[in-house]
Amino acid sequence: KKQAELEAEIDAAFTTATEELEAFEAPQSEKETAKKGRVVFRTAKTSGPAMHIESVRRLIKRITDEVFATVKADKGIQQGDLRKVQAMVESKILPNVNLQRMTSAAVGRPWRQATPEQKQRLQEEFKNLLIYTYAGAAAQIKDQTIEYRPMRNHPDDAEVIVRTLVRNKGDAIQLDYRLEKADGSWKIYDVNVLGAWLVQTYQSSFAQEVSASGIDGLIAKLVERNKQLAARKVAG
């Protein structure tokens with residue numbers, strides 16, 4: 001039988017049991033048991049797949065709302081103040097990001113050969129790169145609205161995509177998020193802007209650098225790039 005038919009039959013069974021107990025003046029404890037069974041079933045039915053998907057969408061909406069509110073209330077962030085942008089990213093965004101997965105995916109196969117110290121440095125420099133990238137994006141936040149598109153994931157998926165459109169005076173920018181569920185909470189591990197996933201964007205350039213000068217060469221390149229971005233923001 002189809003899922004909907006089974007649910008209808010179970011719900012009807014609980015309803016019938018409750019009505020029969022009422023009609024035959026059964027003990028109050030038995031009536032309450034039947035009623036509780038019906039309530040529990042209906043709650044489980046409505047809080048399963050739909051709530052699973054809705055919880056992910058709510059997380060993205062909460063992060064977005066908090067970031068937009070913070071940026072709009074702080075002229076320093078709007079002007080690219082790196083100290084303030086970093087504070088916002090570390091308090092509002094990073095707690096909801098699996099930074100290690102993002103970094104390891106961007107580095108690719110060489111990540112497995114990296115030493116613990118190299119992994120730590122790669123993760124730190126990648127985080128800084130994200131902060132400088134976000135500093136430029138934060139300056140563009142003004143009166144945009146976010147449209148949350150339908151999700152296509154299976155209710156039991158441990159990895160999902162939340163698709164959104166950022167609208168600004170008629171123009172729409174695609175902004176999607178890949179999330180994974182681990183230890184009971186959802187974490188972002190990739191972002192798609194205008195059809196380009198962030199991790200994939202870095203993979204090819206990182207691979208070329210590792211091939212040419214190894215993991216230490218990639219770390220040095222990231223350090224150099226971050227210094228350039230920091231100087232540009234200060235100069236700006």
# chains A, B, ... in the order shown; residues from 1 in each chain; ligands from 1
>>> residues_around(residues="Ala73 of chain A", least_positions_apart="4", cutoff="12 Å", atoms="only C-alpha atoms", output="list in words")
Glu66, Val67, Phe68, Ala69, Ile77, Gln78, Gln79, Lys84, Met88, Ala138, Ile141 and Lys142 of chain A
>>> residues_around(residues="Arg178 of chain A", least_positions_apart="6", cutoff="7 Å", atoms="only C-alpha atoms", output="list in words")
Val160, Ile161, Val162, Ile188, Tyr189, Asp190 and Val191 of chain A
>>> write_last_selection(atoms="all heavy atoms", output="PDB file, in the first residue's frame")
ATOM      1  N   VAL A 160      22.189  17.731   2.163  1.00  0.00           N
ATOM      2  CA  VAL A 160      21.115  18.391   1.426  1.00  0.00           C
ATOM      3  C   VAL A 160      21.635  19.672   0.780  1.00  0.00           C
ATOM      4  O   VAL A 160      22.718  20.153   1.101  1.00  0.00           O
ATOM      5  CB  VAL A 160      19.924  18.737   2.348  1.00  0.00           C
ATOM      6  CG1 VAL A 160      19.350  17.498   2.999  1.00  0.00           C
ATOM      7  CG2 VAL A 160      20.338  19.760   3.405  1.00  0.00           C
ATOM      8  N   ILE A 161      20.824  20.194  -0.133  1.00  0.00           N
ATOM      9  CA  ILE A 161      21.126  21.485  -0.756  1.00  0.00           C
ATOM     10  C   ILE A 161      19.953  22.424  -0.505  1.00  0.00           C
ATOM     11  O   ILE A 161      18.805  22.082  -0.800  1.00  0.00           O
ATOM     12  CB  ILE A 161      21.357  21.339  -2.268  1.00  0.00           C
ATOM     13  CG1 ILE A 161      22.575  20.444  -2.551  1.00  0.00           C
ATOM     14  CG2 ILE A 161      21.566  22.713  -2.912  1.00  0.00           C
ATOM     15  CD1 ILE A 161      22.837  20.211  -4.036  1.00  0.00           C
ATOM     16  N   VAL A 162      20.242  23.581   0.047  1.00  0.00           N
ATOM     17  CA  VAL A 162      19.235  24.635   0.210  1.00  0.00           C
ATOM     18  C   VAL A 162      19.472  25.654  -0.902  1.00  0.00           C
ATOM     19  O   VAL A 162      20.557  26.244  -0.992  1.00  0.00           O
ATOM     20  CB  VAL A 162      19.342  25.322   1.586  1.00  0.00           C
ATOM     21  CG1 VAL A 162      18.347  26.482   1.664  1.00  0.00           C
ATOM     22  CG2 VAL A 162      19.081  24.328   2.703  1.00  0.00           C
ATOM     23  N   ILE A 188      27.248  23.748   7.063  1.00  0.00           N
ATOM     24  CA  ILE A 188      27.499  24.100   5.663  1.00  0.00           C
ATOM     25  C   ILE A 188      28.901  23.633   5.278  1.00  0.00           C
ATOM     26  O   ILE A 188      29.844  23.810   6.040  1.00  0.00           O
ATOM     27  CB  ILE A 188      27.402  25.627   5.470  1.00  0.00           C
ATOM     28  CG1 ILE A 188      26.005  26.129   5.851  1.00  0.00           C
ATOM     29  CG2 ILE A 188      27.739  26.020   4.030  1.00  0.00           C
ATOM     30  CD1 ILE A 188      25.914  27.639   5.990  1.00  0.00           C
ATOM     31  N   TYR A 189      29.029  23.039   4.084  1.00  0.00           N
ATOM     32  CA  TYR A 189      30.373  22.658   3.646  1.00  0.00           C
ATOM     33  C   TYR A 189      30.680  23.116   2.217  1.00  0.00           C
ATOM     34  O   TYR A 189      31.768  22.865   1.692  1.00  0.00           O
ATOM     35  CB  TYR A 189      30.596  21.146   3.782  1.00  0.00           C
ATOM     36  CG  TYR A 189      29.769  20.281   2.861  1.00  0.00           C
ATOM     37  CD1 TYR A 189      30.224  19.923   1.590  1.00  0.00           C
ATOM     38  CD2 TYR A 189      28.536  19.781   3.268  1.00  0.00           C
ATOM     39  CE1 TYR A 189      29.479  19.121   0.757  1.00  0.00           C
ATOM     40  CE2 TYR A 189      27.792  18.968   2.446  1.00  0.00           C
ATOM     41  CZ  TYR A 189      28.257  18.637   1.186  1.00  0.00           C
ATOM     42  OH  TYR A 189      27.513  17.843   0.355  1.00  0.00           O
ATOM     43  N   ASP A 190      29.747  23.813   1.579  1.00  0.00           N
ATOM     44  CA  ASP A 190      30.035  24.395   0.268  1.00  0.00           C
ATOM     45  C   ASP A 190      28.962  25.418  -0.063  1.00  0.00           C
ATOM     46  O   ASP A 190      27.829  25.329   0.439  1.00  0.00           O
ATOM     47  CB  ASP A 190      30.086  23.314  -0.815  1.00  0.00           C
ATOM     48  CG  ASP A 190      30.934  23.724  -2.018  1.00  0.00           C
ATOM     49  OD1 ASP A 190      31.417  24.877  -2.042  1.00  0.00           O
ATOM     50  OD2 ASP A 190      31.137  22.876  -2.920  1.00  0.00           O
ATOM     51  N   VAL A 191      29.318  26.385  -0.896  1.00  0.00           N
ATOM     52  CA  VAL A 191      28.391  27.449  -1.291  1.00  0.00           C
ATOM     53  C   VAL A 191      28.486  27.628  -2.799  1.00  0.00           C
ATOM     54  O   VAL A 191      29.572  27.603  -3.378  1.00  0.00           O
ATOM     55  CB  VAL A 191      28.733  28.788  -0.589  1.00  0.00           C
ATOM     56  CG1 VAL A 191      27.766  29.882  -1.025  1.00  0.00           C
ATOM     57  CG2 VAL A 191      28.699  28.619   0.923  1.00  0.00           C
TER      58      VAL A 191
END
>>> select_by_dssp(residues="segment 21-204 of chain A", states="helix (DSSP H, G or I)", output="ChimeraX atom specification")
/A:21-23,28-47,49-73,75-78,82-96,99-107,109-113,116-138,198-204
>>> closest_residue(among="A:Arg83, A:Val199, A:Ser211, A:Asp183", to="Tyr132 of chain A", atoms="only C-alpha atoms")
A:Arg83
>>> residues_around(residues="Leu122 of chain A", least_positions_apart="6", cutoff="10 Å", atoms="only C-alpha atoms", output="list of chain:residue names")
A:Gln100, A:Thr103, A:Ser104, A:Val107, A:Trp111, A:Ala114, A:Pro116, A:Asn128, A:Ile215, A:Asp216, A:Leu218, A:Ile219, A:Ala220, A:Leu222, A:Val223
>>> atom_distance(atom1="atom CA of Pro155 of chain A", atom2="atom CA of Thr201 of chain A")
28.9 Å
>>> select_by_dssp(residues="segment 108-173 of chain A", states="strand (DSSP E or B)", output="ChimeraX atom specification")
/A:145-148,159-168,171-173
>>> write_last_selection(atoms="all heavy atoms", output="compact mmCIF listing (two decimals), in the first residue's frame")
# COMPACT_ATOMS: atom_id res chain seq x y z
N THR A 145 16.39 40.91 -1.00
CA THR A 145 15.48 39.96 -0.36
C THR A 145 15.89 38.55 -0.78
O THR A 145 16.46 38.35 -1.85
CB THR A 145 14.02 40.22 -0.77
OG1 THR A 145 13.90 40.11 -2.20
CG2 THR A 145 13.56 41.59 -0.33
N ILE A 146 15.60 37.58 0.09
CA ILE A 146 15.99 36.20 -0.16
C ILE A 146 14.75 35.36 -0.46
O ILE A 146 13.78 35.38 0.29
CB ILE A 146 16.73 35.59 1.03
CG1 ILE A 146 17.88 36.50 1.48
CG2 ILE A 146 17.25 34.20 0.67
CD1 ILE A 146 18.96 36.71 0.47
N GLU A 147 14.79 34.65 -1.57
CA GLU A 147 13.71 33.74 -1.94
C GLU A 147 14.22 32.30 -1.75
O GLU A 147 15.25 31.92 -2.32
CB GLU A 147 13.30 33.96 -3.39
CG GLU A 147 12.24 33.00 -3.90
CD GLU A 147 11.96 33.21 -5.38
OE1 GLU A 147 11.95 34.38 -5.82
OE2 GLU A 147 11.77 32.21 -6.10
N TYR A 148 13.49 31.53 -0.95
CA TYR A 148 13.90 30.15 -0.67
C TYR A 148 13.16 29.22 -1.62
O TYR A 148 11.93 29.15 -1.60
CB TYR A 148 13.64 29.79 0.79
CG TYR A 148 14.52 30.58 1.72
CD1 TYR A 148 14.13 31.85 2.18
CD2 TYR A 148 15.76 30.09 2.11
CE1 TYR A 148 14.97 32.59 3.01
CE2 TYR A 148 16.60 30.83 2.94
CZ TYR A 148 16.19 32.07 3.39
OH TYR A 148 17.03 32.81 4.19
N GLU A 159 22.86 14.66 3.68
CA GLU A 159 23.43 15.81 2.98
C GLU A 159 22.35 16.41 2.10
O GLU A 159 21.66 15.69 1.38
CB GLU A 159 24.65 15.41 2.15
CG GLU A 159 25.80 14.87 3.00
CD GLU A 159 27.08 14.68 2.20
OE1 GLU A 159 27.08 14.97 0.99
OE2 GLU A 159 28.09 14.25 2.79
N VAL A 160 22.19 17.73 2.16
CA VAL A 160 21.11 18.39 1.43
C VAL A 160 21.64 19.67 0.78
O VAL A 160 22.72 20.15 1.10
CB VAL A 160 19.92 18.74 2.35
CG1 VAL A 160 19.35 17.50 3.00
CG2 VAL A 160 20.34 19.76 3.41
N ILE A 161 20.82 20.19 -0.13
CA ILE A 161 21.13 21.49 -0.76
C ILE A 161 19.95 22.42 -0.50
O ILE A 161 18.80 22.08 -0.80
CB ILE A 161 21.36 21.34 -2.27
CG1 ILE A 161 22.58 20.44 -2.55
CG2 ILE A 161 21.57 22.71 -2.91
CD1 ILE A 161 22.84 20.21 -4.04
N VAL A 162 20.24 23.58 0.05
CA VAL A 162 19.24 24.64 0.21
C VAL A 162 19.47 25.65 -0.90
O VAL A 162 20.56 26.24 -0.99
CB VAL A 162 19.34 25.32 1.59
CG1 VAL A 162 18.35 26.48 1.66
CG2 VAL A 162 19.08 24.33 2.70
N ARG A 163 18.48 25.83 -1.75
CA ARG A 163 18.61 26.71 -2.91
C ARG A 163 17.89 28.03 -2.65
O ARG A 163 16.74 28.03 -2.23
CB ARG A 163 18.03 26.03 -4.16
CG ARG A 163 18.65 24.66 -4.45
CD ARG A 163 18.00 23.98 -5.65
NE ARG A 163 18.44 22.62 -5.79
CZ ARG A 163 19.56 22.24 -6.39
NH1 ARG A 163 20.34 23.17 -6.93
NH2 ARG A 163 19.89 20.96 -6.47
N THR A 164 18.58 29.12 -2.91
CA THR A 164 17.97 30.44 -2.72
C THR A 164 18.27 31.35 -3.90
O THR A 164 19.19 31.09 -4.69
CB THR A 164 18.48 31.13 -1.43
OG1 THR A 164 19.83 31.60 -1.63
CG2 THR A 164 18.46 30.18 -0.24
N LEU A 165 17.48 32.39 -4.00
CA LEU A 165 17.73 33.47 -4.96
C LEU A 165 17.80 34.77 -4.19
O LEU A 165 16.92 35.08 -3.38
CB LEU A 165 16.61 33.54 -6.00
CG LEU A 165 16.53 32.42 -7.04
CD1 LEU A 165 15.29 32.59 -7.91
CD2 LEU A 165 17.79 32.40 -7.91
N VAL A 166 18.86 35.53 -4.41
CA VAL A 166 19.00 36.84 -3.78
C VAL A 166 18.52 37.87 -4.79
O VAL A 166 19.12 38.03 -5.87
CB VAL A 166 20.48 37.11 -3.40
CG1 VAL A 166 20.59 38.47 -2.71
CG2 VAL A 166 21.00 36.00 -2.49
N ARG A 167 17.43 38.55 -4.47
CA ARG A 167 16.84 39.51 -5.41
C ARG A 167 17.16 40.94 -5.01
O ARG A 167 17.10 41.31 -3.84
CB ARG A 167 15.32 39.32 -5.47
CG ARG A 167 14.91 37.95 -6.03
CD ARG A 167 13.45 37.91 -6.40
NE ARG A 167 13.07 36.63 -6.97
CZ ARG A 167 13.25 36.31 -8.25
NH1 ARG A 167 13.77 37.20 -9.08
NH2 ARG A 167 12.88 35.13 -8.71
N ASN A 168 17.51 41.71 -6.02
CA ASN A 168 17.85 43.12 -5.81
C ASN A 168 17.35 43.93 -7.00
O ASN A 168 17.94 43.88 -8.08
CB ASN A 168 19.36 43.30 -5.66
CG ASN A 168 19.74 44.73 -5.34
OD1 ASN A 168 18.92 45.49 -4.83
ND2 ASN A 168 20.96 45.11 -5.67
N ASP A 171 16.85 41.97 -10.29
CA ASP A 171 17.91 41.01 -10.61
C ASP A 171 17.95 39.90 -9.57
O ASP A 171 17.68 40.13 -8.39
CB ASP A 171 19.27 41.72 -10.65
CG ASP A 171 19.33 42.78 -11.75
OD1 ASP A 171 18.69 42.55 -12.80
OD2 ASP A 171 19.99 43.81 -11.55
N ALA A 172 18.30 38.69 -10.01
CA ALA A 172 18.35 37.56 -9.10
C ALA A 172 19.71 36.87 -9.19
O ALA A 172 20.22 36.62 -10.28
CB ALA A 172 17.24 36.56 -9.43
N ILE A 173 20.30 36.60 -8.02
CA ILE A 173 21.59 35.92 -7.95
C ILE A 173 21.37 34.57 -7.29
O ILE A 173 20.81 34.48 -6.19
CB ILE A 173 22.60 36.74 -7.14
CG1 ILE A 173 22.89 38.07 -7.84
CG2 ILE A 173 23.91 35.95 -6.95
CD1 ILE A 173 23.78 39.00 -7.03
>>> residues_around(residues="Gln200 of chain A", least_positions_apart="2", cutoff="12 Å", atoms="only C-alpha atoms", output="ChimeraX atom specification")
/A:102-108,189-193,195-198,202-207
>>> write_last_selection(atoms="N, CA and C atoms", output="compact mmCIF listing (two decimals), in the first residue's frame")
# COMPACT_ATOMS: atom_id res chain seq x y z
N MET A 102 35.43 21.67 4.17
CA MET A 102 35.59 22.60 3.07
C MET A 102 37.05 22.66 2.62
N THR A 103 37.95 22.79 3.60
CA THR A 103 39.37 22.91 3.28
C THR A 103 39.90 21.63 2.64
N SER A 104 39.59 20.50 3.24
CA SER A 104 40.10 19.22 2.71
C SER A 104 39.57 18.95 1.32
N ALA A 105 38.30 19.31 1.07
CA ALA A 105 37.71 19.10 -0.26
C ALA A 105 38.36 20.01 -1.29
N ALA A 106 38.66 21.25 -0.89
CA ALA A 106 39.31 22.19 -1.82
C ALA A 106 40.74 21.75 -2.14
N VAL A 107 41.44 21.22 -1.14
CA VAL A 107 42.82 20.76 -1.35
C VAL A 107 42.83 19.45 -2.14
N GLY A 108 41.83 18.61 -1.89
CA GLY A 108 41.74 17.36 -2.64
C GLY A 108 42.64 16.26 -2.10
N TYR A 189 29.03 23.04 4.08
CA TYR A 189 30.37 22.66 3.65
C TYR A 189 30.68 23.12 2.22
N ASP A 190 29.75 23.81 1.58
CA ASP A 190 30.04 24.39 0.27
C ASP A 190 28.96 25.42 -0.06
N VAL A 191 29.32 26.38 -0.90
CA VAL A 191 28.39 27.45 -1.29
C VAL A 191 28.49 27.63 -2.80
N ASN A 192 27.33 27.80 -3.42
CA ASN A 192 27.26 27.98 -4.86
C ASN A 192 26.80 29.40 -5.17
N VAL A 193 27.62 30.15 -5.88
CA VAL A 193 27.27 31.51 -6.30
C VAL A 193 27.24 31.55 -7.82
N GLY A 195 26.05 29.57 -9.97
CA GLY A 195 26.34 28.31 -10.65
C GLY A 195 27.71 27.73 -10.39
N ALA A 196 28.55 28.41 -9.63
CA ALA A 196 29.91 27.92 -9.35
C ALA A 196 30.04 27.57 -7.87
N TRP A 197 30.29 26.29 -7.58
CA TRP A 197 30.50 25.87 -6.20
C TRP A 197 31.89 26.32 -5.75
N LEU A 198 31.95 26.93 -4.57
CA LEU A 198 33.18 27.52 -4.06
C LEU A 198 34.32 26.51 -3.98
N TYR A 202 38.08 26.39 -6.20
CA TYR A 202 39.44 26.39 -5.68
C TYR A 202 40.22 25.11 -6.00
N GLN A 203 39.51 24.02 -6.25
CA GLN A 203 40.18 22.72 -6.43
C GLN A 203 41.25 22.74 -7.52
N SER A 204 40.91 23.28 -8.68
CA SER A 204 41.86 23.24 -9.80
C SER A 204 43.10 24.07 -9.53
N SER A 205 42.90 25.29 -9.00
CA SER A 205 44.06 26.15 -8.73
C SER A 205 44.93 25.60 -7.60
N PHE A 206 44.29 25.02 -6.59
CA PHE A 206 45.05 24.42 -5.49
C PHE A 206 45.84 23.21 -6.00
N ALA A 207 45.22 22.41 -6.86
CA ALA A 207 45.89 21.22 -7.40
C ALA A 207 47.12 21.61 -8.20
>>> atom_distance(atom1="atom CA of Lys227 of chain A", atom2="atom CA of Thr70 of chain A")
25.7 Å
>>> closest_residue(among="A:Ile131, A:Pro95, A:Asp176, A:Trp186", to="Met151 of chain A", atoms="only C-alpha atoms")
A:Asp176
>>> residues_around(residues="Tyr134 of chain A", least_positions_apart="4", cutoff="10 Å", atoms="only C-alpha atoms", output="CSV table (one decimal) with all heavy atoms, in the first residue's frame")
chain,number,residue,atom,x,y,z
A,80,GLY,N,34.0,47.6,4.8
A,80,GLY,CA,35.0,46.6,4.6
A,80,GLY,C,36.0,46.5,5.8
A,80,GLY,O,37.2,46.0,5.6
A,82,LEU,N,38.0,44.9,8.1
A,82,LEU,CA,38.3,43.5,8.3
A,82,LEU,C,38.1,42.9,9.7
A,82,LEU,O,37.7,41.8,9.9
A,82,LEU,CB,39.7,43.2,7.8
A,82,LEU,CG,39.9,43.3,6.2
A,82,LEU,CD1,41.3,43.1,5.9
A,82,LEU,CD2,39.0,42.3,5.5
A,85,VAL,N,34.4,42.5,10.1
A,85,VAL,CA,33.9,41.4,9.3
A,85,VAL,C,34.4,40.1,9.8
A,85,VAL,O,33.6,39.1,9.9
A,85,VAL,CB,34.5,41.6,7.8
A,85,VAL,CG1,34.2,40.3,7.0
A,85,VAL,CG2,33.9,42.8,7.1
A,86,GLN,N,35.6,40.0,10.3
A,86,GLN,CA,36.1,38.7,10.9
A,86,GLN,C,35.3,38.4,12.1
A,86,GLN,O,34.9,37.2,12.3
A,86,GLN,CB,37.6,38.9,11.2
A,86,GLN,CG,38.2,37.6,11.8
A,86,GLN,CD,39.7,37.7,12.1
A,86,GLN,OE1,40.3,38.8,11.9
A,86,GLN,NE2,40.3,36.6,12.5
A,89,VAL,N,31.9,37.0,10.9
A,89,VAL,CA,32.0,35.7,10.3
A,89,VAL,C,32.3,34.7,11.4
A,89,VAL,O,31.7,33.6,11.3
A,89,VAL,CB,33.2,35.7,9.3
A,89,VAL,CG1,33.5,34.3,8.8
A,89,VAL,CG2,32.8,36.6,8.1
A,128,ASN,N,40.9,32.5,6.4
A,128,ASN,CA,41.2,33.9,6.1
A,128,ASN,C,40.8,34.3,4.7
A,128,ASN,O,40.2,35.4,4.5
A,128,ASN,CB,42.7,34.2,6.3
A,128,ASN,CG,43.1,34.1,7.8
A,128,ASN,OD1,42.3,34.2,8.7
A,128,ASN,ND2,44.4,33.8,8.0
A,129,LEU,N,41.0,33.4,3.8
A,129,LEU,CA,40.6,33.6,2.4
A,129,LEU,C,39.1,33.8,2.3
A,129,LEU,O,38.6,34.7,1.6
A,129,LEU,CB,41.0,32.5,1.5
A,129,LEU,CG,40.7,32.6,0.0
A,129,LEU,CD1,41.4,33.8,-0.6
A,129,LEU,CD2,41.2,31.3,-0.7
A,130,LEU,N,38.3,33.0,3.0
A,130,LEU,CA,36.9,33.1,3.1
A,130,LEU,C,36.4,34.4,3.7
A,130,LEU,O,35.5,35.1,3.2
A,130,LEU,CB,36.2,32.0,3.8
A,130,LEU,CG,36.4,30.6,3.2
A,130,LEU,CD1,35.7,29.5,4.1
A,130,LEU,CD2,35.7,30.5,1.8
A,138,ALA,N,30.0,41.4,1.8
A,138,ALA,CA,29.2,42.1,2.9
A,138,ALA,C,29.0,43.6,2.5
A,138,ALA,O,27.9,44.2,2.8
A,138,ALA,CB,30.0,42.1,4.2
A,139,ALA,N,29.9,44.2,1.8
A,139,ALA,CA,29.8,45.6,1.4
A,139,ALA,C,28.7,45.8,0.4
A,139,ALA,O,28.2,46.9,0.2
A,139,ALA,CB,31.1,46.1,0.8
A,140,GLN,N,28.2,44.7,-0.2
A,140,GLN,CA,27.1,44.8,-1.2
A,140,GLN,C,25.8,44.6,-0.6
A,140,GLN,O,24.7,44.8,-1.3
A,140,GLN,CB,27.4,43.8,-2.3
A,140,GLN,CG,28.8,43.9,-3.0
A,140,GLN,CD,29.0,45.2,-3.6
A,140,GLN,OE1,28.2,45.8,-4.2
A,140,GLN,NE2,30.2,45.8,-3.3
>>> atom_distance(atom1="atom CA of Glu124 of chain A", atom2="atom CA of Ala212 of chain A")
21.6 Å
>>> closest_residue(among="A:Ser185, A:Gln113, A:Ser91, A:Gln174", to="Ser55 of chain A", atoms="only C-alpha atoms")
A:Ser185
